[in-house]
Amino acid sequence: MVDAARQPLIEVKTYTEVEKVEGFVGNFKVTLREKSKYVRADRCNGCGDCAKVCPVEIPNYFEMNLAPRKAIYIPMSQSVPLIYTVDLDACIHCYKCVEACGALQAIDFSMQDKIVEEDIGAIVVATGFSHFDPTPMEEYGYNRYPNVITAIEMERLNNSAGPTSGRLIRPSDGKVPQKLAFINCVGSRDKRFNPGCSNFCCMYSIKNAVLLKQMNPNVDISIYYIDIRTPSKGYEEFYDRARSMGIHFIQGRPAMITEDPQTHNLFIQSEDIALGRVVEHEYDMVMLNQAAIPQPDQEKMSSVLNVARSPGGWYMEYHPKLRPLDSPTDGIFFAGACQGPKDIPASVAQGSAAASRASRVLHSDSWQIEPTVAVVWSDRCVSAQGKPCGICERSCPYGAIDYQQGRAAEVITAKCHGCGGCVAECPHDAITQLHYTDAQILAQIRTLLAEEPHKKILAFRCHWCSYGGADLAGTSHFEYTSNERGLKVMCSARMDTDFIYEAYRLGAGAVLYSGCHPQDCHYITGQVVGAKRAKRLETIFERMKMTPGRFRVEWISAAEGDKYAHVLNEMQATLDAMPEEELLAEIDRLRPEMEKRLGRLGTIPGVGPALDYTQGIIEAMLSKEVAVK
Amino acid sequence: MSTTPMKIALFQCRWCLYSPEDQAWVDNDLPKNIHLVKVPCTGRIDPLFILNAVQGGADGVMVSGCLPEKCHFKEGNLAARRQLAEFSQFLDYIGYAQDRVRFVWLDLQDRGRIQQELAAFERTLETLGQAQALATRAPIAMGGAHD
Amino acid sequence: MNNTTFAEEVKALPGGESLEMCYSCGTCTSQCMVQLKQEPEYNPRRLLRLVMMEMRAEAYTNPTTWLCSACDLCYPACPQQIHISSVITAVKQIASQNGIKTPLATSVVNQQTCVACGLCVEVCPYDAISLQVIKVPYRGAVPVAVVESSLCMACGLCGAACRSNSIGIPEEYSDLDVIEDIWSWLRPEGASL
């Protein structure tokens with residue numbers, strides 16, 4: 001941090017909040033609130049005379065409230081920049097600090113927050129993680145038993161710059177503990193709090209144990225664990241070293257800590273799985289290795305940055321394997337634990353990688369995006385005629401549509417990722433998606449259902465998940481019905497109601513509407529748009545009294561080839577269970593309904609010629625009996 | 001104030017003492033004036049047991065059981081509370097002060113609590129003095145299945 | 001029934017669904033009062049393991065199957081939120097269907113004196129008691145309380161509730177033992193029944 005601050009090309013802004021991020025890759029407009037420190041950065045020399053005279057003492061959050069700080073303070077000794085800050089919530093306005101500052105005149109209580117707007121090319125988010133407060137876990141008695149502390153408190157107590165100058169002492173009586181226990185997985189791998197593994201706790205509990213053992217070889221340390229996870233280079237060897245130093249590793253998660261009310265010693269009763277029985281041990285002090293959790297304001301920041309969050313609340317990457325540093329929004333990158341708990345080596349690696357990803361943006365004059373972007377036919381957009389609409393804007397996960405009543409909606413091409421949600425949602429067919437136009441898809445539907453359509457199952461698959469699922473079903477040799485006819489679009493959000501009606505109008509036996517699981521959607525919330533529409537369709541078909549199972553909605557990930565095969569076989573079974581004449585009668589009965597809903601289809605630009613062209617091919621194909629195998 | 005120690009009948013459910021030291025103390029080191037009756041559950045305490053203790057000359061009756069939500073038998077302690085709250089009112093009516101019957105819910109995490117509770121109860125009883133009003137000569141048993 | 005595994009059978013019963021979530025952390029065992037006070041061999045974690053590993057015979061006779069009183073101290077502590085007592089009840093149910101009898105000394109009804117007032121039915125936390133009309137010697141077909149021994153956990157609540165002393169656990173904690181015990185303390189000089 002000190003190095004970064006000295007580097008002339010790096011400007012460090014601390015005590016500053018990101019309020020708004022607008023624009024797109026290479027051209028972000030970022031609004032920042034530079035909070036007022038009430039100390040002028042150009043005058044303060046960091047001497048600390050002000051803090052010496054300040055009469056207010058409040059808990060120091062950096063020291064986990066184990067030590068006091070003044071109302072005018074620096075958060076820690078290596079603060080960058082070394083400029084004091086007045087905590088106005090604690091300040092009693094005695095102005096002793098102003099007196100102590102004297103001729104420097106650095107303290108200025110009239111300062112105000114400053115709002116600045118900056119042009120930014122790329123953004124790297126490295127906001128880190130927060131830690132789980134184990135107070136709700138009553139069984140461990142944190143905040144009730146003085147000698148139960150968290151790992152982060154331990155870090156402060158064990159730090160030579162910390163409140164005790166590095167002497168680990170018991171909060172209850174100040175004595176040096178001789179028998180210590182560490183409990184791993186406190187609040188992590190725990191479905192009541194955080195189901196995920198916090199990744200680095202095993203290693204830091206071993207690290208702390210080794211450190212303490214080096215300082216005092218007589219100290220007795222036990223680590224309670226469910227599984228010890230040492231997956232990286234050199235980690236297992238470190239674990240070996242800890243064991244050879246005489247640190248006890250006890251496999252078993254303690255259910256409860258009890259305390260001797262006189263001595264404040266703690267008793268841990270836990271199953272020792274290696275011994276196969278329950279053991280009780282007495283300790284002077286217990287450390288809880290609590291879970292890593294997302295920052296409390298991560299949700300707020302995700303909407304400021306317009307990036308999605310994974311189920312655990314961490315920022316979601318573009319692709320977990322292939323683009324782990326990129327956010328779904330171009331030009332925004334992640335580094336470190338804000339994307340998921342990770343240890344120091346991984347965070348540093350990701351930080352360097354994110355910086356180089358960002359520099360690609362900064363060094364490019366142009367930026368390649370997916371070609372499948374949406375385009376508005378401004379003559380068809382009702383907003384241009386002054387009517388209120390804005391459906392496209394609401395369906396866009398990226399905020400890429402600029403809608404103002406009175407003029408045609410406009411797609412900001414650089415922000416568009418090409419999910420096609422707006423295209424399918426537009427009730428006036430005024431938007432199209434390049435490479436996935438209505439005309440192209442309708443032509444595909446016609447061709448796929450050219451022959452004996454009532455025996456076919458038309459499967460709409462999204463590019464990222466269910467298409468991958470179908471692919472996996474093939475490569476894994478999961479057999480499924482040969483009557484399936486697959487059709488790919490980028491996202492389930494693109495699966496227009498018109499396509500489904502057209503399929504049934506043509507006499508399709510069954511239609512599958514499939515896409516990603518909601519948390520996996522490649523387009524942040526594209527699946528939500530698609531799912532809502534699917535629900536609507538289900539209700540419509542139910543009202544039409546269509547045989548259940550002829551329209552099916554399934555969310556299938558790229559790893560679920562077996563599910564894809566299973567679903568299609570079930571659909572085939574539904575068709576098989578229906579006598580052919582009954583099915584044909586139902587198709588005929590519903591055809592007028594479908595036609596009614598497809599009234600506008602012919603007016604969509606390009607659809608007419610495309611379908612005529614397709615018709616020619618189909619006829620040629622059928623008459624010449626071209627082998628379709 | 002009487003110098004003879006107060007006689008206390010302690011009905012303890014088998015499960016409520018978590019810490020082995022506490023259990024060992026209750027099992028082996030109880031003062032002579034306290035008599036331990038271990039029951040499988042406080043719900044097992046027939047009012048007849050209490051009546052026998054009262055009429056036999058006990059100065060106080062203490063029932064120690066699990067916390068309401070942590071009963072070993074789901075809701076035995078609640079059944080006990082219903083039954084004994086009513087019964088102690090009746091005892092009060094016939095001259096055995098309600099303060100002489102005490103219920104204690106023990107949380108698993110309360111180490112050493114049972115000793116404190118017994119000491120506190122003894123002090124209460126000392127202010128009340130000995131209870132002899134209801135003592136009879138012979139035990140009261142009810143005819144029934146296993147007598 | 002032929003092709004289903006033990007784990008599948010258990011998972012099909014209510015509460016057994018999350019059986020396979022168990023990662024053997026041992027929290028349940030160290031929390032358990034039965035293990036602490038009654039039977040050191042008692043181990044819910046290991047019973048779940050026996051089910052998952054298809055070891056039926058051992059699971060049927062394991063003390064864990066029979067001694068769990070469903071106090072549910074372990075459930076709020078389980079990090080995987082497995083309703084362990086339901087899993088154990090499911091195993092017990094399957095074991096009972098296979099003709100295994102509980103080793104507990106369960107409640108016994110004196111059918112001669114039972115008046116079928118239903119108090120015991122109401123207090124029983126395990127719904128093990130019901131009123132049924134059966135043929136009783138000397139009384140004919142009359143309604144009496146009937147204990148389902150596979151459900152009874154021997155808590156004794158029925159004995160405390162019964163107004164006619166017609167139900168209870170005869171082997172441990174009989175009324176008479178307790179009363180005699182109290183009197184021998186209060187009147188050591190002798191007061192006999």
# chains A, B, ... in the order shown; residues from 1 in each chain; ligands from 1
call {"tool": "residues_around", "arguments": {"residues": "stretch 58-66 of chain B", "least_positions_apart": "3", "cutoff": "8 Å", "atoms": "only C-alpha atoms", "output": "PyMOL selection string"}}
result
(chain B and resi 6-13+15-16+41-42+50+53-55+69-72+77+100-108+125+129-132) or (chain C and resi 186)
call {"tool": "closest_atom_pairs", "arguments": {"of": "chain A", "to": "chain B", "cutoff": "8 Å", "atoms": "only C-alpha atoms", "output": "JSON lines"}}
result
{"residue": "A:Met256", "atom": "CA", "partner": "B:Gln109", "partner_atom": "CA", "distance": 7.8}
{"residue": "A:Ile257", "atom": "CA", "partner": "B:Gln109", "partner_atom": "CA", "distance": 7.4}
{"residue": "A:Thr258", "atom": "CA", "partner": "B:Gln109", "partner_atom": "CA", "distance": 5.2}
{"residue": "A:Glu259", "atom": "CA", "partner": "B:Arg111", "partner_atom": "CA", "distance": 6.5}
{"residue": "A:Asp260", "atom": "CA", "partner": "B:Arg111", "partner_atom": "CA", "distance": 6.1}
{"residue": "A:Pro261", "atom": "CA", "partner": "B:Arg111", "partner_atom": "CA", "distance": 7.0}
call {"tool": "write_last_selection", "arguments": {"atoms": "all heavy atoms", "output": "tab-separated table (two decimals), in the first residue's frame"}}
result
chain	number	residue	atom	x	y	z
A	256	MET	N	-20.55	-27.95	22.08
A	256	MET	CA	-20.87	-26.98	23.11
A	256	MET	C	-19.61	-26.67	23.93
A	256	MET	O	-18.77	-27.53	24.13
A	256	MET	CB	-21.94	-27.58	24.02
A	256	MET	CG	-22.56	-26.61	24.98
A	256	MET	SD	-24.13	-27.24	25.54
A	256	MET	CE	-23.62	-28.59	26.55
A	257	ILE	N	-19.51	-25.42	24.36
A	257	ILE	CA	-18.45	-25.05	25.29
A	257	ILE	C	-19.13	-24.69	26.60
A	257	ILE	O	-20.13	-23.96	26.61
A	257	ILE	CB	-17.66	-23.85	24.75
A	257	ILE	CG1	-17.00	-24.18	23.41
A	257	ILE	CG2	-16.60	-23.41	25.76
A	257	ILE	CD1	-16.27	-23.02	22.78
A	258	THR	N	-18.59	-25.20	27.71
A	258	THR	CA	-19.10	-24.77	29.01
A	258	THR	C	-17.95	-24.12	29.77
A	258	THR	O	-16.78	-24.34	29.47
A	258	THR	CB	-19.68	-25.94	29.82
A	258	THR	OG1	-18.69	-26.96	29.89
A	258	THR	CG2	-20.93	-26.48	29.18
A	259	GLU	N	-18.31	-23.32	30.77
A	259	GLU	CA	-17.30	-22.54	31.45
A	259	GLU	C	-17.36	-22.79	32.95
A	259	GLU	O	-18.45	-22.92	33.51
A	259	GLU	CB	-17.55	-21.05	31.18
A	259	GLU	CG	-16.46	-20.15	31.72
A	259	GLU	CD	-16.89	-18.70	31.81
A	259	GLU	OE1	-18.04	-18.46	32.26
A	259	GLU	OE2	-16.10	-17.82	31.47
A	260	ASP	N	-16.19	-22.86	33.57
A	260	ASP	CA	-16.16	-22.92	35.02
A	260	ASP	C	-16.37	-21.49	35.51
A	260	ASP	O	-15.58	-20.60	35.20
A	260	ASP	CB	-14.78	-23.44	35.47
A	260	ASP	CG	-14.73	-23.62	36.98
A	260	ASP	OD1	-15.25	-22.73	37.68
A	260	ASP	OD2	-14.16	-24.62	37.43
A	261	PRO	N	-17.45	-21.22	36.27
A	261	PRO	CA	-17.75	-19.82	36.61
A	261	PRO	C	-16.67	-19.17	37.49
A	261	PRO	O	-16.56	-17.96	37.49
A	261	PRO	CB	-19.10	-19.89	37.32
A	261	PRO	CG	-19.34	-21.31	37.62
A	261	PRO	CD	-18.46	-22.15	36.77
call {"tool": "interface_residues", "arguments": {"of": "chain A", "to": "chain C", "cutoff": "12 Å", "atoms": "only C-alpha atoms", "output": "PyMOL selection string"}}
result
chain A and resi 136-140+184-196+224-228+250-258+268-280
call {"tool": "interface_residues", "arguments": {"of": "chain C", "to": "chain B", "cutoff": "7 Å", "atoms": "only C-alpha atoms", "output": "list in words"}}
result
Met33, Ser69, Ala70, Cys71, Leu73, Asn110, Val123, Pro125, Cys155, Gly156, Leu157, Gly159, Ala160, Ser164, Asn165, Ser166, Ile167, Pro170, Leu176, Ile179, Ile182, Trp183, Leu186, Ala191, Ser192 and Leu193 of chain C
call {"tool": "select_by_dssp", "arguments": {"residues": "stretch 227-349 of chain A", "states": "helix (DSSP H, G or I)", "output": "PyMOL selection string"}}
result
chain A and resi 235-244+298-305+336-339+344-349
call {"tool": "atom_distance", "arguments": {"atom1": "atom CA of A:Ala473", "atom2": "atom CA of A:Glu580"}}
result
28.3 Å
call {"tool": "atom_distance", "arguments": {"atom1": "atom CA of A:Cys54", "atom2": "atom CA of A:Asp113"}}
result
23.1 Å
call {"tool": "atom_distance", "arguments": {"atom1": "atom CA of C:Leu131", "atom2": "atom CA of C:Pro143"}}
result
6.2 Å
call {"tool": "closest_residue", "arguments": {"among": "C:Val133, C:Ala161, C:Met153, C:Leu67", "to": "C:Pro44", "atoms": "only C-alpha atoms"}}
result
C:Leu67
call {"tool": "residues_around", "arguments": {"residues": "A:Ile58", "least_positions_apart": "3", "cutoff": "7 Å", "atoms": "only C-alpha atoms", "output": "PDB file with N, CA, C and O atoms, in the first residue's frame"}}
result
ATOM      1  N   PRO A  68      -8.323   1.061  22.868  1.00  0.00           N
ATOM      2  CA  PRO A  68      -9.041   2.306  22.608  1.00  0.00           C
ATOM      3  C   PRO A  68      -8.402   3.102  21.474  1.00  0.00           C
ATOM      4  O   PRO A  68      -7.254   2.876  21.101  1.00  0.00           O
ATOM      5  N   ARG A  69      -9.153   4.026  20.931  1.00  0.00           N
ATOM      6  CA  ARG A  69      -8.574   5.020  20.041  1.00  0.00           C
ATOM      7  C   ARG A  69      -9.218   6.364  20.384  1.00  0.00           C
ATOM      8  O   ARG A  69     -10.212   6.436  21.103  1.00  0.00           O
ATOM      9  N   LYS A  70      -8.617   7.429  19.828  1.00  0.00           N
ATOM     10  CA  LYS A  70      -9.128   8.763  20.112  1.00  0.00           C
ATOM     11  C   LYS A  70     -10.183   9.142  19.071  1.00  0.00           C
ATOM     12  O   LYS A  70     -10.355   8.464  18.063  1.00  0.00           O
TER      13      LYS A  70
END
call {"tool": "residues_around", "arguments": {"residues": "stretch 8-13 of chain C", "least_positions_apart": "6", "cutoff": "12 Å", "atoms": "only C-alpha atoms", "output": "PyMOL selection string"}}
result
chain C and resi 1-2+19-21+47-48+50-54+56+59+82-84+86-95
call {"tool": "residues_around", "arguments": {"residues": "A:Ala181", "least_positions_apart": "3", "cutoff": "7 Å", "atoms": "only C-alpha atoms", "output": "list of chain:residue names"}}
result
A:Ile221, A:Ser222, A:Ile223, A:Tyr283, A:Met285, A:Val286, A:Met287
call {"tool": "write_last_selection", "arguments": {"atoms": "N, CA and C atoms", "output": "CSV table (one decimal), in the first residue's frame"}}
result
chain,number,residue,atom,x,y,z
A,221,ILE,N,-1.6,-26.9,22.5
A,221,ILE,CA,-2.6,-26.4,21.5
A,221,ILE,C,-3.4,-27.6,20.8
A,222,SER,N,-4.7,-27.5,20.8
A,222,SER,CA,-5.5,-28.5,20.1
A,222,SER,C,-6.3,-27.8,19.1
A,223,ILE,N,-6.4,-28.4,17.9
A,223,ILE,CA,-7.2,-27.8,16.8
A,223,ILE,C,-8.4,-28.8,16.6
A,283,TYR,N,-9.6,-26.1,28.8
A,283,TYR,CA,-8.7,-25.1,28.2
A,283,TYR,C,-8.7,-23.8,28.9
A,285,MET,N,-8.2,-21.0,27.1
A,285,MET,CA,-8.7,-20.1,26.1
A,285,MET,C,-9.1,-20.8,24.9
A,286,VAL,N,-10.2,-20.4,24.3
A,286,VAL,CA,-10.6,-21.0,23.0
A,286,VAL,C,-10.7,-20.0,21.9
A,287,MET,N,-10.2,-20.3,20.8
A,287,MET,CA,-10.3,-19.4,19.6
A,287,MET,C,-11.3,-20.0,18.6
call {"tool": "residues_around", "arguments": {"residues": "stretch 549-554 of chain A", "least_positions_apart": "2", "cutoff": "7 Å", "atoms": "only C-alpha atoms", "output": "number ranges by chain"}}
result
A: 509-515, 534, 547, 556, 571, 574
call {"tool": "residues_around", "arguments": {"residues": "B:Gln115", "least_positions_apart": "2", "cutoff": "10 Å", "atoms": "only C-alpha atoms", "output": "PyMOL selection string"}}
result
chain B and resi 22+25-26+30+111-113+117-121
call {"tool": "write_last_selection", "arguments": {"atoms": "N, CA and C atoms", "output": "short mmCIF file (atom, residue, chain, number, x, y, z; two decimals), in the first residue's frame"}}
result
data_model
loop_
_atom_site.label_atom_id
_atom_site.label_comp_id
_atom_site.auth_asym_id
_atom_site.auth_seq_id
_atom_site.Cartn_x
_atom_site.Cartn_y
_atom_site.Cartn_z
N ASP B 22 -20.57 -31.78 38.17
CA ASP B 22 -21.83 -31.50 38.85
C ASP B 22 -22.56 -32.79 39.18
N TRP B 25 -20.93 -34.54 41.99
CA TRP B 25 -21.22 -33.88 43.26
C TRP B 25 -22.60 -34.27 43.77
N VAL B 26 -23.57 -34.25 42.87
CA VAL B 26 -24.94 -34.58 43.26
C VAL B 26 -25.01 -36.05 43.67
N LEU B 30 -23.49 -34.90 48.15
CA LEU B 30 -24.58 -34.08 48.66
C LEU B 30 -24.50 -34.02 50.18
N ARG B 111 -22.61 -24.56 34.39
CA ARG B 111 -21.78 -25.36 35.28
C ARG B 111 -21.92 -24.86 36.72
N GLY B 112 -22.04 -25.77 37.68
CA GLY B 112 -22.05 -25.38 39.09
C GLY B 112 -23.33 -24.72 39.54
N ARG B 113 -24.31 -24.63 38.68
CA ARG B 113 -25.54 -23.93 39.04
C ARG B 113 -26.32 -24.68 40.10
N GLU B 117 -28.06 -23.14 43.46
CA GLU B 117 -29.51 -23.19 43.63
C GLU B 117 -29.88 -23.85 44.95
N LEU B 118 -29.15 -24.95 45.27
CA LEU B 118 -29.46 -25.64 46.52
C LEU B 118 -29.14 -24.76 47.71
N ALA B 119 -28.02 -24.05 47.63
CA ALA B 119 -27.63 -23.16 48.74
C ALA B 119 -28.67 -22.06 48.91
N ALA B 120 -29.12 -21.50 47.78
CA ALA B 120 -30.12 -20.43 47.85
C ALA B 120 -31.42 -20.95 48.45
N PHE B 121 -31.78 -22.17 48.03
CA PHE B 121 -33.03 -22.76 48.53
C PHE B 121 -32.95 -23.00 50.03
#
call {"tool": "closest_residue", "arguments": {"among": "A:Arg323, A:His566, A:Lys342, A:His131", "to": "A:Phe200", "atoms": "only C-alpha atoms"}}
result
A:Lys342
call {"tool": "closest_residue", "arguments": {"among": "A:Ile391, A:Ile247, A:Met76, A:Ala292", "to": "A:Phe129", "atoms": "only C-alpha atoms"}}
result
A:Ala292
call {"tool": "closest_residue", "arguments": {"among": "A:Cys381, A:Ala565, A:Leu157, A:Met621", "to": "A:Ala67", "atoms": "only C-alpha atoms"}}
result
A:Leu157
call {"tool": "decode", "arguments": {"residues": "stretch 103-115 of chain C", "atoms": "N, CA, C and O atoms", "output": "short mmCIF file (atom, residue, chain, number, x, y, z; two decimals), in the first residue's frame"}}
result
data_model
loop_
_atom_site.label_atom_id
_atom_site.label_comp_id
_atom_site.auth_asym_id
_atom_site.auth_seq_id
_atom_site.Cartn_x
_atom_site.Cartn_y
_atom_site.Cartn_z
N PRO C 103 -35.02 -53.05 23.45
CA PRO C 103 -34.42 -53.59 24.66
C PRO C 103 -34.86 -52.85 25.92
O PRO C 103 -34.52 -53.24 27.02
N LEU C 104 -35.64 -51.79 25.78
CA LEU C 104 -36.04 -50.99 26.94
C LEU C 104 -37.12 -51.71 27.75
O LEU C 104 -37.92 -52.45 27.19
N ALA C 105 -37.13 -51.42 29.05
CA ALA C 105 -38.23 -51.88 29.89
C ALA C 105 -39.36 -50.88 29.72
O ALA C 105 -39.29 -49.78 30.24
N THR C 106 -40.34 -51.24 28.94
CA THR C 106 -41.37 -50.26 28.59
C THR C 106 -42.55 -50.32 29.56
O THR C 106 -42.62 -51.20 30.42
N SER C 107 -43.45 -49.39 29.37
CA SER C 107 -44.61 -49.25 30.25
C SER C 107 -45.52 -50.48 30.18
O SER C 107 -45.67 -51.08 29.12
N VAL C 108 -46.10 -50.79 31.33
CA VAL C 108 -47.01 -51.94 31.40
C VAL C 108 -48.34 -51.48 31.99
O VAL C 108 -48.36 -50.66 32.91
N VAL C 109 -49.44 -51.97 31.44
CA VAL C 109 -50.77 -51.59 31.92
C VAL C 109 -51.33 -52.72 32.79
O VAL C 109 -51.23 -53.89 32.43
N ASN C 110 -51.89 -52.35 33.93
CA ASN C 110 -52.65 -53.33 34.71
C ASN C 110 -54.08 -53.30 34.21
O ASN C 110 -54.85 -52.39 34.51
N GLN C 111 -54.39 -54.28 33.39
CA GLN C 111 -55.69 -54.24 32.70
C GLN C 111 -56.84 -54.45 33.65
O GLN C 111 -57.99 -54.12 33.35
N GLN C 112 -56.56 -54.99 34.82
CA GLN C 112 -57.64 -55.21 35.79
C GLN C 112 -58.14 -53.91 36.38
O GLN C 112 -59.32 -53.75 36.66
N THR C 113 -57.20 -52.95 36.58
CA THR C 113 -57.62 -51.73 37.26
C THR C 113 -57.78 -50.54 36.32
O THR C 113 -58.29 -49.51 36.71
N CYS C 114 -57.33 -50.67 35.08
CA CYS C 114 -57.41 -49.54 34.14
C CYS C 114 -58.87 -49.21 33.86
O CYS C 114 -59.67 -50.09 33.57
N VAL C 115 -59.18 -47.91 33.96
CA VAL C 115 -60.56 -47.48 33.72
C VAL C 115 -60.69 -46.74 32.39
O VAL C 115 -61.72 -46.16 32.09
#
